[in-house]
Amino acid sequence: MSGSRTPTVGVHAFPKDVRLRYTPRASDVESVRTLVTETGFFRPDEISIAAELVQEWLKSGDESGYHFVMAQKEGNLAGYGCFGPIPCTLTSYDIYWIAVAPKFQGKG
């Protein structure tokens with residue numbers, strides 16, 4: 001369609017004080033564990049799995065099949081996402097985890 005534009009309804013400017021990174025660090029194992037625990041939504045076994053996925057990426061990198069987006073604010077992990085390709089597909093991904101620290105929730 002000629003002249004079509006991307007809709008802007010509901011789009012918010014990304015906060016300047018939030019930094020994204022795509023490479024987990026060793027310190028993220030405990031940061032992720034703490035973050036998902038603080039949300040109050042996950043069982044102990046799920047919390048362990050969230051930390052294990054970060055460990056797996058640290059061990060194997062992209063070969064682990066996991067990819068991360070880490071959002072940092074005020075020097076802390078404010079939120080993160082973990083995703084990976086769906087086997088036997090070319091361009092489809094599963095989102096395994098999305099979590100936001102309670103003090104940063106509801107901020108838009």
# chains A, B, ... in the order shown; residues from 1 in each chain; ligands from 1
call {"tool": "residues_around", "arguments": {"residues": "segment 28-32 of chain A", "least_positions_apart": "3", "cutoff": "6 Å", "atoms": "only C-alpha atoms", "output": "list in words"}}
result
Arg25, Leu35, Ala51 and Val54 of chain A
call {"tool": "write_last_selection", "arguments": {"atoms": "C-alpha atoms", "output": "short mmCIF file (atom, residue, chain, number, x, y, z; two decimals), in the first residue's frame"}}
result
data_model
loop_
_atom_site.label_atom_id
_atom_site.label_comp_id
_atom_site.auth_asym_id
_atom_site.auth_seq_id
_atom_site.Cartn_x
_atom_site.Cartn_y
_atom_site.Cartn_z
CA ARG A 25 27.17 -11.55 32.40
CA LEU A 35 14.31 -10.51 39.87
CA ALA A 51 18.93 -18.84 36.38
CA VAL A 54 21.60 -17.74 31.88
#
call {"tool": "residues_around", "arguments": {"residues": "Lys16 of chain A", "least_positions_apart": "4", "cutoff": "12 Å", "atoms": "only C-alpha atoms", "output": "number ranges by chain"}}
result
A: 12, 20, 71-74
call {"tool": "select_by_dssp", "arguments": {"residues": "chain A", "states": "helix (DSSP H, G or I)", "output": "NGL selection string"}}
result
:A and (28-39 or 44-64 or 102-104)
call {"tool": "write_last_selection", "arguments": {"atoms": "N, CA and C atoms", "output": "mmCIF file, in the first residue's frame"}}
result
data_model
loop_
_atom_site.group_PDB
_atom_site.id
_atom_site.type_symbol
_atom_site.label_atom_id
_atom_site.label_comp_id
_atom_site.auth_asym_id
_atom_site.auth_seq_id
_atom_site.Cartn_x
_atom_site.Cartn_y
_atom_site.Cartn_z
ATOM 1 N N ASP A 28 24.583 -11.879 36.155
ATOM 2 C CA ASP A 28 23.160 -11.960 35.814
ATOM 3 C C ASP A 28 22.496 -13.227 36.337
ATOM 4 N N VAL A 29 23.276 -14.259 36.610
ATOM 5 C CA VAL A 29 22.671 -15.491 37.136
ATOM 6 C C VAL A 29 21.908 -15.161 38.417
ATOM 7 N N GLU A 30 22.570 -14.505 39.354
ATOM 8 C CA GLU A 30 21.903 -14.156 40.612
ATOM 9 C C GLU A 30 20.924 -13.008 40.439
ATOM 10 N N SER A 31 21.231 -12.070 39.552
ATOM 11 C CA SER A 31 20.307 -10.952 39.313
ATOM 12 C C SER A 31 18.976 -11.444 38.757
ATOM 13 N N VAL A 32 19.034 -12.397 37.825
ATOM 14 C CA VAL A 32 17.805 -12.970 37.265
ATOM 15 C C VAL A 32 17.059 -13.744 38.344
ATOM 16 N N ARG A 33 17.782 -14.533 39.124
ATOM 17 C CA ARG A 33 17.147 -15.296 40.207
ATOM 18 C C ARG A 33 16.414 -14.343 41.163
ATOM 19 N N THR A 34 17.068 -13.267 41.543
ATOM 20 C CA THR A 34 16.460 -12.294 42.452
ATOM 21 C C THR A 34 15.250 -11.628 41.811
ATOM 22 N N LEU A 35 15.395 -11.199 40.565
ATOM 23 C CA LEU A 35 14.312 -10.509 39.874
ATOM 24 C C LEU A 35 13.067 -11.391 39.771
ATOM 25 N N VAL A 36 13.219 -12.617 39.298
ATOM 26 C CA VAL A 36 12.027 -13.458 39.123
ATOM 27 C C VAL A 36 11.434 -13.858 40.467
ATOM 28 N N THR A 37 12.263 -13.962 41.502
ATOM 29 C CA THR A 37 11.742 -14.240 42.846
ATOM 30 C C THR A 37 10.900 -13.069 43.334
ATOM 31 N N GLU A 38 11.417 -11.853 43.160
ATOM 32 C CA GLU A 38 10.724 -10.654 43.643
ATOM 33 C C GLU A 38 9.381 -10.420 42.965
ATOM 34 N N THR A 39 9.196 -10.930 41.748
ATOM 35 C CA THR A 39 7.904 -10.719 41.081
ATOM 36 C C THR A 39 6.779 -11.428 41.812
ATOM 37 N N PRO A 44 9.529 -22.040 42.916
ATOM 38 C CA PRO A 44 10.973 -22.248 43.097
ATOM 39 C C PRO A 44 11.637 -22.995 41.939
ATOM 40 N N ASP A 45 10.976 -24.004 41.381
ATOM 41 C CA ASP A 45 11.585 -24.734 40.263
ATOM 42 C C ASP A 45 11.694 -23.854 39.021
ATOM 43 N N GLU A 46 10.735 -22.972 38.812
ATOM 44 C CA GLU A 46 10.797 -22.053 37.674
ATOM 45 C C GLU A 46 11.919 -21.028 37.867
ATOM 46 N N ILE A 47 12.091 -20.576 39.087
ATOM 47 C CA ILE A 47 13.154 -19.619 39.392
ATOM 48 C C ILE A 47 14.515 -20.241 39.098
ATOM 49 N N SER A 48 14.681 -21.494 39.481
ATOM 50 C CA SER A 48 15.941 -22.202 39.201
ATOM 51 C C SER A 48 16.191 -22.308 37.703
ATOM 52 N N ILE A 49 15.148 -22.605 36.950
ATOM 53 C CA ILE A 49 15.287 -22.735 35.492
ATOM 54 C C ILE A 49 15.693 -21.401 34.876
ATOM 55 N N ALA A 50 15.097 -20.306 35.338
ATOM 56 C CA ALA A 50 15.452 -18.983 34.801
ATOM 57 C C ALA A 50 16.950 -18.725 34.962
ATOM 58 N N ALA A 51 17.490 -19.030 36.130
ATOM 59 C CA ALA A 51 18.929 -18.841 36.375
ATOM 60 C C ALA A 51 19.756 -19.824 35.555
ATOM 61 N N GLU A 52 19.275 -21.053 35.416
ATOM 62 C CA GLU A 52 20.005 -22.072 34.647
ATOM 63 C C GLU A 52 20.142 -21.687 33.174
ATOM 64 N N LEU A 53 19.138 -21.033 32.611
ATOM 65 C CA LEU A 53 19.224 -20.631 31.206
ATOM 66 C C LEU A 53 20.330 -19.599 31.000
ATOM 67 N N VAL A 54 20.496 -18.707 31.964
ATOM 68 C CA VAL A 54 21.597 -17.743 31.877
ATOM 69 C C VAL A 54 22.928 -18.488 31.970
ATOM 70 N N GLN A 55 23.025 -19.440 32.902
ATOM 71 C CA GLN A 55 24.250 -20.241 33.036
ATOM 72 C C GLN A 55 24.553 -20.991 31.748
ATOM 73 N N GLU A 56 23.533 -21.545 31.128
ATOM 74 C CA GLU A 56 23.724 -22.285 29.879
ATOM 75 C C GLU A 56 24.263 -21.368 28.789
ATOM 76 N N TRP A 57 23.732 -20.145 28.714
ATOM 77 C CA TRP A 57 24.243 -19.207 27.716
ATOM 78 C C TRP A 57 25.697 -18.847 28.017
ATOM 79 N N LEU A 58 26.033 -18.646 29.290
ATOM 80 C CA LEU A 58 27.412 -18.312 29.654
ATOM 81 C C LEU A 58 28.364 -19.439 29.277
ATOM 82 N N LYS A 59 27.894 -20.660 29.351
ATOM 83 C CA LYS A 59 28.713 -21.826 29.012
ATOM 84 C C LYS A 59 28.834 -22.015 27.500
ATOM 85 N N SER A 60 27.726 -21.860 26.775
ATOM 86 C CA SER A 60 27.688 -22.226 25.353
ATOM 87 C C SER A 60 27.445 -21.072 24.396
ATOM 88 N N GLY A 61 27.157 -19.893 24.898
ATOM 89 C CA GLY A 61 26.883 -18.752 24.023
ATOM 90 C C GLY A 61 25.659 -18.989 23.156
ATOM 91 N N ASP A 62 25.695 -18.483 21.936
ATOM 92 C CA ASP A 62 24.546 -18.611 21.037
ATOM 93 C C ASP A 62 24.213 -20.061 20.707
ATOM 94 N N GLU A 63 25.188 -20.949 20.832
ATOM 95 C CA GLU A 63 24.920 -22.367 20.579
ATOM 96 C C GLU A 63 23.936 -22.951 21.587
ATOM 97 N N SER A 64 23.724 -22.263 22.701
ATOM 98 C CA SER A 64 22.748 -22.717 23.693
ATOM 99 C C SER A 64 21.331 -22.665 23.130
ATOM 100 N N PRO A 102 9.521 -5.623 40.336
ATOM 101 C CA PRO A 102 8.311 -4.930 40.794
ATOM 102 C C PRO A 102 8.442 -3.409 40.874
ATOM 103 N N LYS A 103 9.600 -2.898 41.294
ATOM 104 C CA LYS A 103 9.710 -1.437 41.434
ATOM 105 C C LYS A 103 9.730 -0.712 40.095
ATOM 106 N N PHE A 104 9.889 -1.460 39.002
ATOM 107 C CA PHE A 104 9.883 -0.851 37.675
ATOM 108 C C PHE A 104 8.614 -1.184 36.888
#
call {"tool": "atom_distance", "arguments": {"atom1": "atom CA of Thr91 of chain A", "atom2": "atom CA of Leu77 of chain A"}}
result
28.6 Å
call {"tool": "select_by_dssp", "arguments": {"residues": "chain A", "states": "strand (DSSP E or B)", "output": "list in words"}}
result
Val18, Arg19, Leu20, Arg21, His67, Phe68, Val69, Met70, Ala71, Gln72, Lys73, Asn76, Leu77, Ala78, Gly79, Tyr80, Gly81, Cys82, Phe83, Gly84, Pro85, Tyr93, Asp94, Ile95, Tyr96, Trp97, Ile98, Ala99 and Val100 of chain A
call {"tool": "closest_residue", "arguments": {"among": "A:Ala101, A:Phe68, A:Ser92, A:Lys107", "to": "Gly40 of chain A", "atoms": "only C-alpha atoms"}}
result
A:Ala101
call {"tool": "atom_distance", "arguments": {"atom1": "atom CA of Phe83 of chain A", "atom2": "atom CA of Ala26 of chain A"}}
result
18.4 Å
call {"tool": "atom_distance", "arguments": {"atom1": "atom CA of Gly79 of chain A", "atom2": "atom CA of Tyr66 of chain A"}}
result
16.4 Å
call {"tool": "closest_residue", "arguments": {"among": "A:Phe42, A:Pro24, A:Asp17, A:Gln105", "to": "Cys82 of chain A", "atoms": "only C-alpha atoms"}}
result
A:Pro24
call {"tool": "residues_around", "arguments": {"residues": "Asp94 of chain A", "least_positions_apart": "4", "cutoff": "7 Å", "atoms": "only C-alpha atoms", "output": "VMD selection string"}}
result
chain A and resid 83 to 86
call {"tool": "residues_around", "arguments": {"residues": "Gly81 of chain A", "least_positions_apart": "3", "cutoff": "6 Å", "atoms": "only C-alpha atoms", "output": "PyMOL selection string"}}
result
chain A and resi 68-69+97-98
